[in-house]
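Structure first, commentary second.
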Amino acid sequence: MDAVLLAVVPTFAVIALGWVLRRAGLPGDPFWPAAERLTYMILLPALIVQNVATVRLAGAALPMAAAMGLAVALVGVALMLLRPALPFSGPAFTSRVQGSIRPNLYVGLAVVGAQHGAPGVSLAAVALASVVPTVNLLSVYALSRHATERPVAPLAMAGELARNPILQGIALGAMLNLSGIGLPLVLDRSLAIIGGASLPLGVLCVGASLQLSRLHQGGGALVLAALLKLALVPALCAGLLWAFGAGGLPARVATIFVAMPAAPSAYVLARLMGGDADLMARMISAHTLFAGATLPLVMLAAPLLFP
């Protein structure tokens, strides 16, 4: 229990600090959008390239990545199939889709790193190769189909994925790893320093984006959406891991990672593509708040399920 708290409490303390700094006007409102963009475009991709390029791709990583990607896909597709029976507007539905499947990469990598160190971060970086494309395909499809009500253009979706800096980092790291080129020592250490800045800054930005004062609006629906993301998706992923014969550290990392709250990037995408950005902002805040209670439970259960 102490190890779990030492992994979770510091991360959520940094989230709280980000919230306090934003409300205090420090270091100023223009700082936070610029920091989010820097982290997303440069710092996090550097962390991913460095980890994916240098990790030893053991066979256990494949079932881990497959279980995570499939768990996210099953939940997203199930929601699409249930759309006619759900009493939500198109934009509100898309926010519920994103809120059910999009994990917060910064919090996930920070918590996994705090509990499992560099091996855990490397495994999580490899697993993103299945989660990030799946999440983005489902999110863009849902927004195109149910928010803007425009025909879904496969080429446009492919272009959106190709421009994603996280996927670019995964692709570059995998190419360096599988080709045997690897990373020169100087570049390896440089990327480690650059990427090391991504998690503290990214987690601060998560806190700065929270809108806790508005959680009373639609409280019951927010709780149900949070339970879907924070409890059902991890349980489904754990079942798939067991079915695929995965175990040990890869299975524990996968179970913990999919239990993360919804990502702030979901708000940006909702705003750009006609989703319900206001609802998405409240869902992200609710997920992050509830994850402080649900995440330790998942982290305690994971070693019992996958010793």
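Letters for chains follow the order of the structure tokens (A, B, ...), residue numbers begin at 1 for each chain, and ligand numbers begin at 1 in the order shown.
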From the DSSP assignment of the backbone, select every residue of segment 47-287 of chain A that is alpha helix (DSSP H), and format the answer as a ChimeraX atom specification.
-> /A:47-54,61-82,90-101,105-142,154-162,165-178,185-196,198-209,219-227,233-243,248-257,265-273,277-287
What's the 9 Å shell around segment 303-305 of chain A, counting only C-alpha atoms, without same-chain residues fewer than 6 positions away, as a VMD selection string?
-> chain A and resid 238 242 247 to 249 251 to 252
Show which residues sit within 9 Å of segment 197-206 of chain A, as number ranges by chain. Count only C-alpha atoms, and ignore same-chain residues fewer than 4 positions away.
-> A: 11-12, 14-19, 21-22, 32-33, 35-36, 38-40, 42-47, 104-107, 109-110, 192-193, 210, 263-264, 288
Residues from the last selection, N, CA and C atoms, saved as a CSV table (one decimal), in the first residue's frame:
chain,number,residue,atom,x,y,z
A,11,THR,N,2.1,12.4,-7.7
A,11,THR,CA,1.5,12.8,-9.0
A,11,THR,C,0.3,13.7,-8.9
A,12,PHE,N,-0.6,13.3,-8.0
A,12,PHE,CA,-1.8,14.2,-7.8
A,12,PHE,C,-1.5,15.4,-7.0
A,14,VAL,N,1.2,17.2,-7.7
A,14,VAL,CA,1.6,18.1,-8.8
A,14,VAL,C,0.4,18.6,-9.6
A,15,ILE,N,-0.6,17.7,-9.8
A,15,ILE,CA,-1.8,18.1,-10.5
A,15,ILE,C,-2.5,19.3,-9.7
A,16,ALA,N,-2.5,19.1,-8.3
A,16,ALA,CA,-3.1,20.1,-7.5
A,16,ALA,C,-2.3,21.4,-7.6
A,17,LEU,N,-1.0,21.3,-7.6
A,17,LEU,CA,-0.2,22.5,-7.7
A,17,LEU,C,-0.5,23.3,-9.0
A,18,GLY,N,-0.6,22.5,-10.1
A,18,GLY,CA,-1.0,23.1,-11.4
A,18,GLY,C,-2.3,23.9,-11.3
A,19,TRP,N,-3.3,23.3,-10.6
A,19,TRP,CA,-4.6,24.0,-10.5
A,19,TRP,C,-4.4,25.2,-9.7
A,21,LEU,N,-1.7,27.1,-9.2
A,21,LEU,CA,-0.9,28.1,-10.0
A,21,LEU,C,-1.8,28.8,-11.0
A,22,ARG,N,-2.6,28.0,-11.7
A,22,ARG,CA,-3.5,28.7,-12.7
A,22,ARG,C,-4.4,29.6,-12.1
A,32,TRP,N,0.2,28.7,-20.1
A,32,TRP,CA,-0.3,27.3,-20.0
A,32,TRP,C,-0.5,26.7,-21.4
A,33,PRO,N,-1.2,27.4,-22.3
A,33,PRO,CA,-1.3,26.9,-23.7
A,33,PRO,C,0.0,26.6,-24.4
A,35,ALA,N,2.8,25.9,-22.8
A,35,ALA,CA,3.5,24.8,-22.2
A,35,ALA,C,2.8,23.5,-22.6
A,36,GLU,N,1.5,23.5,-22.8
A,36,GLU,CA,0.8,22.3,-23.3
A,36,GLU,C,1.3,21.9,-24.7
A,38,LEU,N,4.2,22.8,-26.2
A,38,LEU,CA,5.6,22.4,-26.1
A,38,LEU,C,5.7,20.9,-25.6
A,39,THR,N,4.9,20.6,-24.6
A,39,THR,CA,5.0,19.2,-24.1
A,39,THR,C,4.5,18.2,-25.1
A,40,TYR,N,3.4,18.6,-25.7
A,40,TYR,CA,2.8,17.6,-26.7
A,40,TYR,C,3.6,17.5,-28.0
A,42,ILE,N,7.0,18.4,-28.5
A,42,ILE,CA,8.4,18.2,-28.5
A,42,ILE,C,8.8,17.3,-27.3
A,43,LEU,N,8.4,17.6,-26.1
A,43,LEU,CA,9.0,16.9,-24.9
A,43,LEU,C,8.5,15.5,-24.8
A,44,LEU,N,7.2,15.3,-24.9
A,44,LEU,CA,6.7,13.9,-24.8
A,44,LEU,C,7.2,13.0,-26.0
A,45,PRO,N,7.1,13.5,-27.3
A,45,PRO,CA,7.7,12.7,-28.3
A,45,PRO,C,9.2,12.3,-28.1
A,46,ALA,N,10.0,13.2,-27.5
A,46,ALA,CA,11.4,12.9,-27.2
A,46,ALA,C,11.5,11.8,-26.2
A,47,LEU,N,10.6,11.8,-25.2
A,47,LEU,CA,10.6,10.7,-24.2
A,47,LEU,C,10.2,9.4,-24.9
A,104,ASN,N,-5.1,9.7,-20.1
A,104,ASN,CA,-4.1,10.8,-19.9
A,104,ASN,C,-2.7,10.3,-20.0
A,105,LEU,N,-2.0,10.5,-21.0
A,105,LEU,CA,-0.6,10.0,-21.2
A,105,LEU,C,0.3,10.5,-20.1
A,106,TYR,N,0.2,11.8,-19.8
A,106,TYR,CA,1.1,12.4,-18.8
A,106,TYR,C,1.0,11.7,-17.4
A,107,VAL,N,-0.3,11.6,-17.0
A,107,VAL,CA,-0.5,11.0,-15.7
A,107,VAL,C,-0.1,9.5,-15.7
A,109,LEU,N,2.1,7.9,-17.6
A,109,LEU,CA,3.5,7.7,-17.6
A,109,LEU,C,4.2,8.1,-16.3
A,110,ALA,N,3.7,9.1,-15.7
A,110,ALA,CA,4.2,9.6,-14.4
A,110,ALA,C,3.9,8.5,-13.3
A,192,ALA,N,16.8,11.9,-23.2
A,192,ALA,CA,16.4,11.5,-21.8
A,192,ALA,C,16.2,12.8,-21.0
A,193,ILE,N,17.1,13.8,-21.2
A,193,ILE,CA,16.9,15.1,-20.5
A,193,ILE,C,15.7,15.8,-21.0
A,210,LEU,N,-8.0,21.9,-15.1
A,210,LEU,CA,-9.2,21.4,-14.4
A,210,LEU,C,-10.2,22.6,-14.1
A,263,ALA,N,-8.0,12.5,-21.0
A,263,ALA,CA,-6.9,13.4,-21.3
A,263,ALA,C,-7.4,14.8,-21.7
A,264,PRO,N,-6.7,15.8,-21.3
A,264,PRO,CA,-7.0,17.2,-21.8
A,264,PRO,C,-7.1,17.4,-23.3
A,288,THR,N,-10.4,13.1,-13.4
A,288,THR,CA,-9.1,13.3,-12.6
A,288,THR,C,-9.4,13.3,-11.1
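If you look at atom CA of Phe88 of chain A and atom CA of Cys237 of chain A, they are 26.8 Å away from each other.
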